[in-house]
>>> print(open('target-v7.cif').read())   # mmCIF, C-alpha atoms
data_entry
#
loop_
_atom_site.group_PDB
_atom_site.id
_atom_site.type_symbol
_atom_site.label_atom_id
_atom_site.label_comp_id
_atom_site.auth_asym_id
_atom_site.auth_seq_id
_atom_site.Cartn_x
_atom_site.Cartn_y
_atom_site.Cartn_z
ATOM 1 C CA MET A 1 -72.525 76.218 -160.099
ATOM 2 C CA GLY A 2 -68.868 76.981 -160.522
ATOM 3 C CA GLU A 3 -68.030 74.753 -157.543
ATOM 4 C CA ARG A 4 -69.897 71.790 -158.953
ATOM 5 C CA GLU A 5 -67.971 71.999 -162.179
ATOM 6 C CA ARG A 6 -64.722 72.051 -160.224
ATOM 7 C CA ASP A 7 -65.737 69.027 -158.089
ATOM 8 C CA LYS A 8 -66.313 66.936 -161.189
ATOM 9 C CA GLY A 9 -62.683 67.434 -162.154
ATOM 10 C CA GLY A 10 -61.363 64.697 -159.802
ATOM 11 C CA PRO A 11 -58.946 65.032 -156.813
ATOM 12 C CA ARG A 12 -58.118 68.594 -155.919
ATOM 13 C CA ASN A 13 -54.690 70.102 -155.898
ATOM 14 C CA ASP A 14 -54.912 70.338 -152.072
ATOM 15 C CA ASP A 15 -55.211 66.550 -151.808
ATOM 16 C CA TYR A 16 -52.091 65.990 -153.895
ATOM 17 C CA MET A 17 -50.153 68.529 -151.835
ATOM 18 C CA PHE A 18 -51.285 66.875 -148.611
ATOM 19 C CA VAL A 19 -50.257 63.407 -149.785
ATOM 20 C CA GLU A 20 -46.885 64.788 -150.902
ATOM 21 C CA LYS A 21 -46.403 66.404 -147.484
ATOM 22 C CA VAL A 22 -47.212 63.129 -145.716
ATOM 23 C CA GLU A 23 -44.872 61.157 -147.957
ATOM 24 C CA LYS A 24 -42.036 63.621 -147.297
ATOM 25 C CA MET A 25 -42.627 63.275 -143.554
ATOM 26 C CA ILE A 26 -42.570 59.494 -143.779
ATOM 27 C CA ASP A 27 -39.353 59.566 -145.829
ATOM 28 C CA ARG A 28 -37.759 61.900 -143.297
ATOM 29 C CA ILE A 29 -38.594 59.597 -140.373
ATOM 30 C CA ALA A 30 -37.620 56.452 -142.289
ATOM 31 C CA GLY A 31 -34.262 58.063 -143.104
ATOM 32 C CA HIS A 32 -33.289 58.365 -139.410
ATOM 33 C CA LYS A 33 -30.530 56.080 -138.230
ATOM 34 C CA GLY A 34 -31.931 52.894 -136.727
ATOM 35 C CA VAL A 35 -35.449 53.227 -138.103
ATOM 36 C CA GLU A 36 -36.508 49.906 -139.584
ATOM 37 C CA GLY A 37 -39.823 51.095 -140.937
ATOM 38 C CA VAL A 38 -42.752 53.483 -140.855
ATOM 39 C CA ILE A 39 -46.331 52.272 -141.259
ATOM 40 C CA VAL A 40 -49.491 54.335 -141.510
ATOM 41 C CA CYS A 41 -52.673 52.332 -141.180
ATOM 42 C CA ASP A 42 -56.350 53.132 -140.920
ATOM 43 C CA LYS A 43 -58.663 52.270 -138.023
ATOM 44 C CA ASP A 44 -59.238 48.758 -139.379
ATOM 45 C CA GLY A 45 -55.525 48.017 -139.504
ATOM 46 C CA ALA A 46 -55.150 48.159 -143.275
ATOM 47 C CA ALA A 47 -51.814 49.729 -144.211
ATOM 48 C CA ILE A 48 -52.134 52.937 -146.217
ATOM 49 C CA GLN A 49 -48.456 53.825 -146.426
ATOM 50 C CA THR A 50 -45.469 51.697 -145.485
ATOM 51 C CA THR A 51 -41.727 51.595 -145.989
ATOM 52 C CA MET A 52 -41.470 47.895 -145.074
ATOM 53 C CA ASP A 53 -42.248 44.758 -147.034
ATOM 54 C CA ASN A 54 -45.744 43.328 -146.890
ATOM 55 C CA THR A 55 -45.086 40.521 -144.388
ATOM 56 C CA ASN A 56 -43.417 42.786 -141.843
ATOM 57 C CA THR A 57 -45.982 45.521 -142.352
ATOM 58 C CA VAL A 58 -48.877 43.222 -141.556
ATOM 59 C CA MET A 59 -47.007 41.646 -138.637
ATOM 60 C CA TYR A 60 -46.040 44.899 -136.940
ATOM 61 C CA ALA A 61 -49.282 46.731 -137.699
ATOM 62 C CA GLU A 62 -51.334 43.929 -136.170
ATOM 63 C CA GLY A 63 -49.027 43.456 -133.168
ATOM 64 C CA VAL A 64 -48.777 47.126 -132.291
ATOM 65 C CA ARG A 65 -52.469 47.766 -132.786
ATOM 66 C CA ASN A 66 -53.374 44.819 -130.559
ATOM 67 C CA MET A 67 -51.099 46.065 -127.798
ATOM 68 C CA ALA A 68 -52.449 49.592 -128.243
ATOM 69 C CA ASN A 69 -56.001 48.305 -127.875
ATOM 70 C CA ILE A 70 -55.100 46.514 -124.649
ATOM 71 C CA GLY A 71 -53.374 49.662 -123.403
ATOM 72 C CA LEU A 72 -56.427 51.715 -124.312
ATOM 73 C CA SER A 73 -58.794 49.440 -122.397
ATOM 74 C CA MET A 74 -56.430 49.597 -119.413
ATOM 75 C CA ILE A 75 -56.468 53.406 -119.460
ATOM 76 C CA ARG A 76 -60.254 53.548 -119.885
ATOM 77 C CA ASP A 77 -60.819 51.082 -117.034
ATOM 78 C CA VAL A 78 -58.957 53.380 -114.668
ATOM 79 C CA ASP A 79 -60.515 56.575 -116.079
ATOM 80 C CA PRO A 80 -63.287 56.339 -118.728
ATOM 81 C CA THR A 81 -62.808 59.959 -119.779
ATOM 82 C CA ASN A 82 -59.146 59.448 -120.625
ATOM 83 C CA ASP A 83 -57.787 58.417 -124.020
ATOM 84 C CA LEU A 84 -54.576 56.848 -125.287
ATOM 85 C CA THR A 85 -52.646 59.048 -127.698
ATOM 86 C CA PHE A 86 -49.233 57.414 -127.930
ATOM 87 C CA ILE A 87 -47.715 54.062 -127.059
ATOM 88 C CA ARG A 88 -44.085 53.074 -126.950
ATOM 89 C CA ILE A 89 -43.123 49.436 -126.550
ATOM 90 C CA GLY A 90 -39.501 48.641 -125.897
ATOM 91 C CA THR A 91 -38.070 45.183 -126.358
ATOM 92 C CA LYS A 92 -34.526 43.851 -126.218
ATOM 93 C CA LYS A 93 -34.005 44.289 -129.944
ATOM 94 C CA LEU A 94 -36.525 46.885 -131.070
ATOM 95 C CA GLU A 95 -38.643 49.815 -130.106
ATOM 96 C CA MET A 96 -42.118 50.240 -131.556
ATOM 97 C CA MET A 97 -43.844 53.591 -131.316
ATOM 98 C CA ALA A 98 -47.372 54.342 -132.374
ATOM 99 C CA HIS A 99 -49.313 57.559 -132.487
ATOM 100 C CA LEU A 100 -53.018 56.819 -132.247
ATOM 101 C CA ASN A 101 -55.885 58.746 -133.709
ATOM 102 C CA PRO A 102 -59.539 57.684 -134.117
ATOM 103 C CA GLU A 103 -59.043 57.331 -137.875
ATOM 104 C CA TYR A 104 -55.376 56.511 -138.334
ATOM 105 C CA CYS A 105 -52.426 54.925 -136.638
ATOM 106 C CA ALA A 106 -48.821 55.879 -137.377
ATOM 107 C CA ILE A 107 -46.284 53.241 -136.339
ATOM 108 C CA VAL A 108 -42.497 53.557 -136.327
ATOM 109 C CA VAL A 109 -40.281 50.530 -135.709
ATOM 110 C CA GLN A 110 -36.674 51.184 -134.794
ATOM 111 C CA SER A 111 -33.795 49.120 -133.525
ATOM 112 C CA ARG A 112 -32.443 49.802 -130.037
ATOM 113 C CA ILE A 113 -29.325 51.961 -130.239
ATOM 114 C CA LYS A 114 -26.744 50.518 -127.855
ATOM 115 C CA THR A 115 -25.210 53.077 -125.513
ATOM 116 C CA SER A 116 -21.964 52.408 -123.689
ATOM 117 C CA LYS A 117 -22.428 51.406 -120.073
ATOM 118 C CA ASN A 118 -20.563 53.344 -117.352
ATOM 119 C CA MET B 119 -29.511 42.119 -103.759
ATOM 120 C CA LEU B 120 -30.665 45.645 -102.984
ATOM 121 C CA GLN B 121 -31.086 46.637 -99.360
ATOM 122 C CA SER B 122 -34.462 48.082 -98.401
ATOM 123 C CA ASN B 123 -32.951 51.513 -97.792
ATOM 124 C CA GLU B 124 -31.518 51.496 -101.321
ATOM 125 C CA VAL B 125 -34.979 50.689 -102.625
ATOM 126 C CA GLU B 126 -36.412 53.556 -100.576
ATOM 127 C CA GLU B 127 -33.733 55.888 -101.917
ATOM 128 C CA ALA B 128 -34.528 54.900 -105.508
ATOM 129 C CA ILE B 129 -38.253 55.447 -104.955
ATOM 130 C CA LYS B 130 -37.601 58.845 -103.344
ATOM 131 C CA ARG B 131 -35.435 59.841 -106.296
ATOM 132 C CA ILE B 132 -38.133 58.926 -108.792
ATOM 133 C CA LEU B 133 -40.818 60.709 -106.778
ATOM 134 C CA SER B 134 -38.715 63.863 -106.623
ATOM 135 C CA HIS B 135 -38.827 64.212 -110.419
ATOM 136 C CA LYS B 136 -41.040 67.024 -111.618
ATOM 137 C CA GLY B 137 -44.463 65.805 -112.651
ATOM 138 C CA VAL B 138 -44.385 62.363 -111.029
ATOM 139 C CA VAL B 139 -47.838 61.654 -109.608
ATOM 140 C CA GLY B 140 -47.351 58.155 -108.211
ATOM 141 C CA LEU B 141 -45.398 54.943 -108.197
ATOM 142 C CA VAL B 142 -46.477 51.316 -107.715
ATOM 143 C CA VAL B 143 -44.241 48.276 -107.497
ATOM 144 C CA ILE B 144 -46.026 44.995 -108.164
ATOM 145 C CA ASN B 145 -44.903 41.391 -107.730
ATOM 146 C CA HIS B 146 -45.290 38.576 -110.266
ATOM 147 C CA GLU B 147 -48.854 37.954 -109.066
ATOM 148 C CA GLY B 148 -49.877 41.534 -109.800
ATOM 149 C CA ILE B 149 -50.178 42.517 -106.145
ATOM 150 C CA PRO B 150 -48.855 45.972 -105.231
ATOM 151 C CA ILE B 151 -46.019 45.576 -102.715
ATOM 152 C CA LYS B 152 -45.050 49.229 -102.629
ATOM 153 C CA SER B 153 -47.140 52.219 -103.561
ATOM 154 C CA THR B 154 -47.311 55.949 -103.080
ATOM 155 C CA MET B 155 -50.952 56.184 -104.129
ATOM 156 C CA GLU B 156 -54.150 55.171 -102.366
ATOM 157 C CA ASN B 157 -54.835 51.439 -102.159
ATOM 158 C CA ALA B 158 -57.855 51.194 -104.459
ATOM 159 C CA LEU B 159 -56.109 53.007 -107.302
ATOM 160 C CA SER B 160 -52.890 51.019 -106.833
ATOM 161 C CA VAL B 161 -54.767 47.737 -107.015
ATOM 162 C CA GLN B 162 -56.606 48.898 -110.130
ATOM 163 C CA TYR B 163 -53.417 49.912 -111.910
ATOM 164 C CA ALA B 164 -51.678 46.726 -110.738
ATOM 165 C CA ALA B 165 -54.388 44.468 -112.146
ATOM 166 C CA GLN B 166 -54.578 46.323 -115.478
ATOM 167 C CA VAL B 167 -50.822 46.497 -115.954
ATOM 168 C CA THR B 168 -50.362 42.802 -115.169
ATOM 169 C CA GLN B 169 -52.842 41.947 -117.913
ATOM 170 C CA LEU B 170 -51.168 44.365 -120.319
ATOM 171 C CA LEU B 171 -47.730 42.904 -119.568
ATOM 172 C CA ASP B 172 -48.888 39.309 -120.035
ATOM 173 C CA LYS B 173 -50.510 40.016 -123.363
ATOM 174 C CA SER B 174 -47.707 42.248 -124.639
ATOM 175 C CA ARG B 175 -45.081 39.670 -123.717
ATOM 176 C CA SER B 176 -46.890 36.879 -125.524
ATOM 177 C CA MET B 177 -47.424 39.084 -128.575
ATOM 178 C CA ILE B 178 -43.738 40.005 -128.719
ATOM 179 C CA LYS B 179 -42.721 36.355 -128.406
ATOM 180 C CA GLU B 180 -45.079 35.582 -131.280
ATOM 181 C CA LEU B 181 -43.336 38.176 -133.447
ATOM 182 C CA ASP B 182 -39.868 36.929 -132.485
ATOM 183 C CA SER B 183 -39.261 34.141 -129.975
ATOM 184 C CA ASN B 184 -35.784 35.497 -129.083
ATOM 185 C CA ASN B 185 -37.116 38.920 -128.196
ATOM 186 C CA ASP B 186 -38.520 40.103 -124.876
ATOM 187 C CA LEU B 187 -40.355 43.090 -123.447
ATOM 188 C CA THR B 188 -38.256 45.704 -121.637
ATOM 189 C CA PHE B 189 -40.647 48.628 -121.120
ATOM 190 C CA ILE B 190 -43.991 50.119 -122.074
ATOM 191 C CA ARG B 191 -44.851 53.788 -122.159
ATOM 192 C CA LEU B 192 -48.441 54.901 -122.572
ATOM 193 C CA ARG B 193 -49.201 58.539 -123.168
ATOM 194 C CA THR B 194 -52.752 59.633 -122.598
ATOM 195 C CA LYS B 195 -54.594 62.931 -122.724
ATOM 196 C CA LYS B 196 -54.174 63.460 -119.004
ATOM 197 C CA HIS B 197 -50.879 61.834 -118.046
ATOM 198 C CA GLU B 198 -48.234 59.250 -118.922
ATOM 199 C CA VAL B 199 -47.909 55.722 -117.556
ATOM 200 C CA LEU B 200 -44.471 54.115 -117.566
ATOM 201 C CA VAL B 201 -44.144 50.390 -116.968
ATOM 202 C CA CYS B 202 -40.845 48.649 -116.400
ATOM 203 C CA PRO B 203 -41.131 44.858 -116.053
ATOM 204 C CA GLU B 204 -38.438 42.671 -114.556
ATOM 205 C CA LYS B 205 -38.340 38.932 -113.927
ATOM 206 C CA ASP B 206 -40.313 38.879 -110.664
ATOM 207 C CA TYR B 207 -41.521 42.459 -110.347
ATOM 208 C CA ALA B 208 -42.770 45.423 -112.310
ATOM 209 C CA MET B 209 -42.649 49.117 -111.575
ATOM 210 C CA ILE B 210 -45.387 51.487 -112.676
ATOM 211 C CA VAL B 211 -44.874 55.234 -112.602
ATOM 212 C CA ILE B 212 -47.581 57.756 -113.398
ATOM 213 C CA GLN B 213 -46.479 61.223 -114.356
ATOM 214 C CA ASN B 214 -47.659 64.400 -115.981
ATOM 215 C CA PRO B 215 -45.386 64.827 -118.986
ATOM 216 C CA THR B 216 -43.600 68.177 -118.821
ATOM 217 C CA GLU B 217 -44.849 70.631 -121.415
ATOM 218 C CA SER B 218 -41.998 71.723 -123.714
#
>>> encode(input="target-v7.cif", output="structure tokens")
Amino acid sequence: MGERERDKGGPRNDDYMFVEKVEKMIDRIAGHKGVEGVIVCDKDGAAIQTTMDNTNTVMYAEGVRNMANIGLSMIRDVDPTNDLTFIRIGTKKLEMMAHLNPEYCAIVVQSRIKTSKN
Amino acid sequence: MLQSNEVEEAIKRILSHKGVVGLVVINHEGIPIKSTMENALSVQYAAQVTQLLDKSRSMIKELDSNNDLTFIRLRTKKHEVLVCPEKDYAMIVIQNPTES
């Protein structure tokens, strides 16, 4: 009975703490040198949290998720019991990293740091 | 142009890394020209990676026409697949990522 009364009170303190923890983590990653943006999206590709503007968020979320899906089907074709957990796509200008989860996808876009050639 | 023994040396060096399971070099048609794994598996990886590269490249060009793909790294539950595309070839390396 006591629990029901508590449930009616709206979001629990734990939920707020969790969201705060996630936001701190996102801010920490976004603060790294070279990081252009951090996007967290759900399994349908809708952005839940992002540090980029709307256009870029949609563009990168869709692009990375599409490539991740192709990568996943490649992995499953070779071994159906395997699963893709992380994908890293490097291009001349940028690097896109995504951690994949059945429910969420965390994407980080960073610029390539130039190192001096020997 | 690299001599064939230089290519062999490079492949040996990669294979000597801890955790490396196999290596496949494919040409622009997706046919394995060099492989350290059995034929059937090499051909399977070659075909899948060629498709992945084609689609990734076109997607990246869509995002920014001046940009181009330089590498792809796929981490799975069981191992890690590294793909390095060049103009006419691509190299695929399969490894078990070292546990930290």
>>> resolve_selection(input="target-v7.cif", expression="the PyMOL selection byres ((chain B and resi 149-162) around 12)", output="ChimeraX atom specification")
/A:74-79 /B:122,125-126,129-130,132-133,138-148,163-169,206-212
>>> write_last_selection(input="target-v7.cif", atoms="C-alpha atoms", output="mmCIF file, in the frame of the given file")
data_model
loop_
_atom_site.group_PDB
_atom_site.id
_atom_site.type_symbol
_atom_site.label_atom_id
_atom_site.label_comp_id
_atom_site.auth_asym_id
_atom_site.auth_seq_id
_atom_site.Cartn_x
_atom_site.Cartn_y
_atom_site.Cartn_z
ATOM 1 C CA MET A 74 -56.430 49.597 -119.413
ATOM 2 C CA ILE A 75 -56.468 53.406 -119.460
ATOM 3 C CA ARG A 76 -60.254 53.548 -119.885
ATOM 4 C CA ASP A 77 -60.819 51.082 -117.034
ATOM 5 C CA VAL A 78 -58.957 53.380 -114.668
ATOM 6 C CA ASP A 79 -60.515 56.575 -116.079
ATOM 7 C CA SER B 122 -34.462 48.082 -98.401
ATOM 8 C CA VAL B 125 -34.979 50.689 -102.625
ATOM 9 C CA GLU B 126 -36.412 53.556 -100.576
ATOM 10 C CA ILE B 129 -38.253 55.447 -104.955
ATOM 11 C CA LYS B 130 -37.601 58.845 -103.344
ATOM 12 C CA ILE B 132 -38.133 58.926 -108.792
ATOM 13 C CA LEU B 133 -40.818 60.709 -106.778
ATOM 14 C CA VAL B 138 -44.385 62.363 -111.029
ATOM 15 C CA VAL B 139 -47.838 61.654 -109.608
ATOM 16 C CA GLY B 140 -47.351 58.155 -108.211
ATOM 17 C CA LEU B 141 -45.398 54.943 -108.197
ATOM 18 C CA VAL B 142 -46.477 51.316 -107.715
ATOM 19 C CA VAL B 143 -44.241 48.276 -107.497
ATOM 20 C CA ILE B 144 -46.026 44.995 -108.164
ATOM 21 C CA ASN B 145 -44.903 41.391 -107.730
ATOM 22 C CA HIS B 146 -45.290 38.576 -110.266
ATOM 23 C CA GLU B 147 -48.854 37.954 -109.066
ATOM 24 C CA GLY B 148 -49.877 41.534 -109.800
ATOM 25 C CA TYR B 163 -53.417 49.912 -111.910
ATOM 26 C CA ALA B 164 -51.678 46.726 -110.738
ATOM 27 C CA ALA B 165 -54.388 44.468 -112.146
ATOM 28 C CA GLN B 166 -54.578 46.323 -115.478
ATOM 29 C CA VAL B 167 -50.822 46.497 -115.954
ATOM 30 C CA THR B 168 -50.362 42.802 -115.169
ATOM 31 C CA GLN B 169 -52.842 41.947 -117.913
ATOM 32 C CA ASP B 206 -40.313 38.879 -110.664
ATOM 33 C CA TYR B 207 -41.521 42.459 -110.347
ATOM 34 C CA ALA B 208 -42.770 45.423 -112.310
ATOM 35 C CA MET B 209 -42.649 49.117 -111.575
ATOM 36 C CA ILE B 210 -45.387 51.487 -112.676
ATOM 37 C CA VAL B 211 -44.874 55.234 -112.602
ATOM 38 C CA ILE B 212 -47.581 57.756 -113.398
#
>>> closest_residue(input="target-v7.cif", among="A:Asp53, A:Met59, A:Ile87, A:Tyr104", to="Gly71 of chain A", atoms="all atoms listed in the file")
A:Ile87
>>> residues_around(input="target-v7.cif", residues="segment 173-189 of chain B", least_positions_apart="6", cutoff="12 Å", atoms="only C-alpha atoms", output="short mmCIF file (atom, residue, chain, number, x, y, z; two decimals) with C-alpha atoms, in the coordinates of the input")
data_model
loop_
_atom_site.label_atom_id
_atom_site.label_comp_id
_atom_site.auth_asym_id
_atom_site.auth_seq_id
_atom_site.Cartn_x
_atom_site.Cartn_y
_atom_site.Cartn_z
CA THR A 55 -45.09 40.52 -144.39
CA ASN A 56 -43.42 42.79 -141.84
CA THR A 57 -45.98 45.52 -142.35
CA VAL A 58 -48.88 43.22 -141.56
CA MET A 59 -47.01 41.65 -138.64
CA TYR A 60 -46.04 44.90 -136.94
CA ALA A 61 -49.28 46.73 -137.70
CA GLU A 62 -51.33 43.93 -136.17
CA GLY A 63 -49.03 43.46 -133.17
CA VAL A 64 -48.78 47.13 -132.29
CA ARG A 65 -52.47 47.77 -132.79
CA ASN A 66 -53.37 44.82 -130.56
CA MET A 67 -51.10 46.06 -127.80
CA ALA A 68 -52.45 49.59 -128.24
CA ASN A 69 -56.00 48.30 -127.88
CA ILE A 70 -55.10 46.51 -124.65
CA GLY A 71 -53.37 49.66 -123.40
CA MET A 74 -56.43 49.60 -119.41
CA ILE A 87 -47.72 54.06 -127.06
CA ARG A 88 -44.08 53.07 -126.95
CA ILE A 89 -43.12 49.44 -126.55
CA GLY A 90 -39.50 48.64 -125.90
CA THR A 91 -38.07 45.18 -126.36
CA LYS A 92 -34.53 43.85 -126.22
CA LYS A 93 -34.01 44.29 -129.94
CA LEU A 94 -36.52 46.88 -131.07
CA GLU A 95 -38.64 49.82 -130.11
CA MET A 96 -42.12 50.24 -131.56
CA MET A 97 -43.84 53.59 -131.32
CA SER A 111 -33.80 49.12 -133.52
CA ARG A 112 -32.44 49.80 -130.04
CA GLN B 166 -54.58 46.32 -115.48
CA VAL B 167 -50.82 46.50 -115.95
CA VAL B 199 -47.91 55.72 -117.56
CA LEU B 200 -44.47 54.12 -117.57
CA VAL B 201 -44.14 50.39 -116.97
CA CYS B 202 -40.84 48.65 -116.40
CA PRO B 203 -41.13 44.86 -116.05
CA GLU B 204 -38.44 42.67 -114.56
CA LYS B 205 -38.34 38.93 -113.93
CA ALA B 208 -42.77 45.42 -112.31
CA MET B 209 -42.65 49.12 -111.58
CA ILE B 210 -45.39 51.49 -112.68
CA VAL B 211 -44.87 55.23 -112.60
#
>>> atom_distance(input="target-v7.cif", atom1="atom CA of Val109 of chain A", atom2="atom CA of Asp27 of chain A")
13.6 Å
>>> atom_distance(input="target-v7.cif", atom1="atom CA of Asp44 of chain A", atom2="atom CA of Ala98 of chain A")
14.9 Å
>>> closest_residue(input="target-v7.cif", among="B:Glu198, B:Asn123, B:Arg191, B:Pro215", to="chain A", atoms="all atoms listed in the file")
B:Arg191
>>> atom_distance(input="target-v7.cif", atom1="atom CA of Gly34 of chain A", atom2="atom CA of Gln110 of chain A")
5.4 Å
>>> closest_residue(input="target-v7.cif", among="B:Gly137, B:Asn214, B:Ala128, B:Thr194", to="His99 of chain A", atoms="only C-alpha atoms")
B:Thr194
>>> axis_aligned_box(input="target-v7.cif", around="segment 76-90 of chain A", padding_each_side="8 Å", output="JSON")
{"center_x": -51.4, "center_y": 54.3, "center_z": -121.3, "size_x": 39.8, "size_y": 27.3, "size_z": 29.3}
>>> closest_residue(input="target-v7.cif", among="A:Ser73, A:Thr85, A:Asn54, A:Asn13", to="chain B", atoms="only C-alpha atoms")
A:Thr85
>>> closest_residue(input="target-v7.cif", among="A:Ile39, A:Leu100, A:Leu84, A:Ile29", to="chain B", atoms="only C-alpha atoms")
A:Leu84
>>> closest_residue(input="target-v7.cif", among="B:Lys195, B:Arg131, B:Leu171, B:Gln213", to="chain A", atoms="all atoms listed in the file")
B:Lys195
>>> decode(input="target-v7.cif", residues="segment 174-181 of chain B", atoms="all heavy atoms", output="PDB file, in the first residue's frame")
ATOM      1  N   SER B 174      29.210   2.334 -47.064  1.00  0.00           N
ATOM      2  CA  SER B 174      29.768   3.344 -46.151  1.00  0.00           C
ATOM      3  C   SER B 174      30.314   4.523 -46.929  1.00  0.00           C
ATOM      4  O   SER B 174      30.096   5.672 -46.570  1.00  0.00           O
ATOM      5  CB  SER B 174      30.884   2.751 -45.297  1.00  0.00           C
ATOM      6  OG  SER B 174      30.410   1.681 -44.553  1.00  0.00           O
ATOM      7  N   ARG B 175      31.043   4.209 -48.005  1.00  0.00           N
ATOM      8  CA  ARG B 175      31.632   5.284 -48.827  1.00  0.00           C
ATOM      9  C   ARG B 175      30.553   6.197 -49.372  1.00  0.00           C
ATOM     10  O   ARG B 175      30.676   7.426 -49.306  1.00  0.00           O
ATOM     11  CB  ARG B 175      32.406   4.691 -50.001  1.00  0.00           C
ATOM     12  CG  ARG B 175      33.835   4.476 -49.715  1.00  0.00           C
ATOM     13  CD  ARG B 175      34.652   4.438 -50.984  1.00  0.00           C
ATOM     14  NE  ARG B 175      35.985   4.012 -50.665  1.00  0.00           N
ATOM     15  CZ  ARG B 175      36.482   2.802 -50.892  1.00  0.00           C
ATOM     16  NH1 ARG B 175      35.745   1.899 -51.486  1.00  0.00           N
ATOM     17  NH2 ARG B 175      37.713   2.502 -50.545  1.00  0.00           N
ATOM     18  N   SER B 176      29.475   5.603 -49.890  1.00  0.00           N
ATOM     19  CA  SER B 176      28.441   6.453 -50.494  1.00  0.00           C
ATOM     20  C   SER B 176      27.733   7.274 -49.418  1.00  0.00           C
ATOM     21  O   SER B 176      27.368   8.431 -49.639  1.00  0.00           O
ATOM     22  CB  SER B 176      27.448   5.637 -51.321  1.00  0.00           C
ATOM     23  OG  SER B 176      26.839   4.671 -50.526  1.00  0.00           O
ATOM     24  N   MET B 177      27.594   6.691 -48.217  1.00  0.00           N
ATOM     25  CA  MET B 177      26.940   7.421 -47.137  1.00  0.00           C
ATOM     26  C   MET B 177      27.793   8.595 -46.682  1.00  0.00           C
ATOM     27  O   MET B 177      27.285   9.672 -46.395  1.00  0.00           O
ATOM     28  CB  MET B 177      26.728   6.472 -45.962  1.00  0.00           C
ATOM     29  CG  MET B 177      25.390   6.664 -45.325  1.00  0.00           C
ATOM     30  SD  MET B 177      24.942   5.218 -44.408  1.00  0.00           S
ATOM     31  CE  MET B 177      24.167   4.244 -45.635  1.00  0.00           C
ATOM     32  N   ILE B 178      29.105   8.386 -46.630  1.00  0.00           N
ATOM     33  CA  ILE B 178      30.012   9.458 -46.202  1.00  0.00           C
ATOM     34  C   ILE B 178      30.034  10.576 -47.234  1.00  0.00           C
ATOM     35  O   ILE B 178      30.044  11.756 -46.888  1.00  0.00           O
ATOM     36  CB  ILE B 178      31.415   8.887 -45.924  1.00  0.00           C
ATOM     37  CG1 ILE B 178      31.369   8.123 -44.607  1.00  0.00           C
ATOM     38  CG2 ILE B 178      32.467   9.974 -45.837  1.00  0.00           C
ATOM     39  CD1 ILE B 178      32.531   7.211 -44.394  1.00  0.00           C
ATOM     40  N   LYS B 179      29.995  10.209 -48.508  1.00  0.00           N
ATOM     41  CA  LYS B 179      29.979  11.221 -49.569  1.00  0.00           C
ATOM     42  C   LYS B 179      28.684  12.028 -49.515  1.00  0.00           C
ATOM     43  O   LYS B 179      28.666  13.218 -49.816  1.00  0.00           O
ATOM     44  CB  LYS B 179      30.097  10.552 -50.954  1.00  0.00           C
ATOM     45  CG  LYS B 179      31.456   9.993 -51.255  1.00  0.00           C
ATOM     46  CD  LYS B 179      32.447  11.075 -51.641  1.00  0.00           C
ATOM     47  CE  LYS B 179      33.809  10.496 -51.910  1.00  0.00           C
ATOM     48  NZ  LYS B 179      34.831  11.514 -52.123  1.00  0.00           N
ATOM     49  N   GLU B 180      27.603  11.353 -49.096  1.00  0.00           N
ATOM     50  CA  GLU B 180      26.322  12.044 -48.961  1.00  0.00           C
ATOM     51  C   GLU B 180      26.381  13.099 -47.868  1.00  0.00           C
ATOM     52  O   GLU B 180      25.841  14.192 -47.999  1.00  0.00           O
ATOM     53  CB  GLU B 180      25.253  11.010 -48.547  1.00  0.00           C
ATOM     54  CG  GLU B 180      24.189  10.771 -49.581  1.00  0.00           C
ATOM     55  CD  GLU B 180      23.196   9.743 -49.092  1.00  0.00           C
ATOM     56  OE1 GLU B 180      22.431  10.064 -48.173  1.00  0.00           O
ATOM     57  OE2 GLU B 180      23.214   8.622 -49.620  1.00  0.00           O
ATOM     58  N   LEU B 181      27.086  12.734 -46.757  1.00  0.00           N
ATOM     59  CA  LEU B 181      27.208  13.662 -45.636  1.00  0.00           C
ATOM     60  C   LEU B 181      28.101  14.845 -46.011  1.00  0.00           C
ATOM     61  O   LEU B 181      27.860  15.971 -45.628  1.00  0.00           O
ATOM     62  CB  LEU B 181      27.783  12.968 -44.403  1.00  0.00           C
ATOM     63  CG  LEU B 181      26.934  11.896 -43.721  1.00  0.00           C
ATOM     64  CD1 LEU B 181      27.669  11.290 -42.540  1.00  0.00           C
ATOM     65  CD2 LEU B 181      25.620  12.449 -43.245  1.00  0.00           C
TER      66      LEU B 181
END
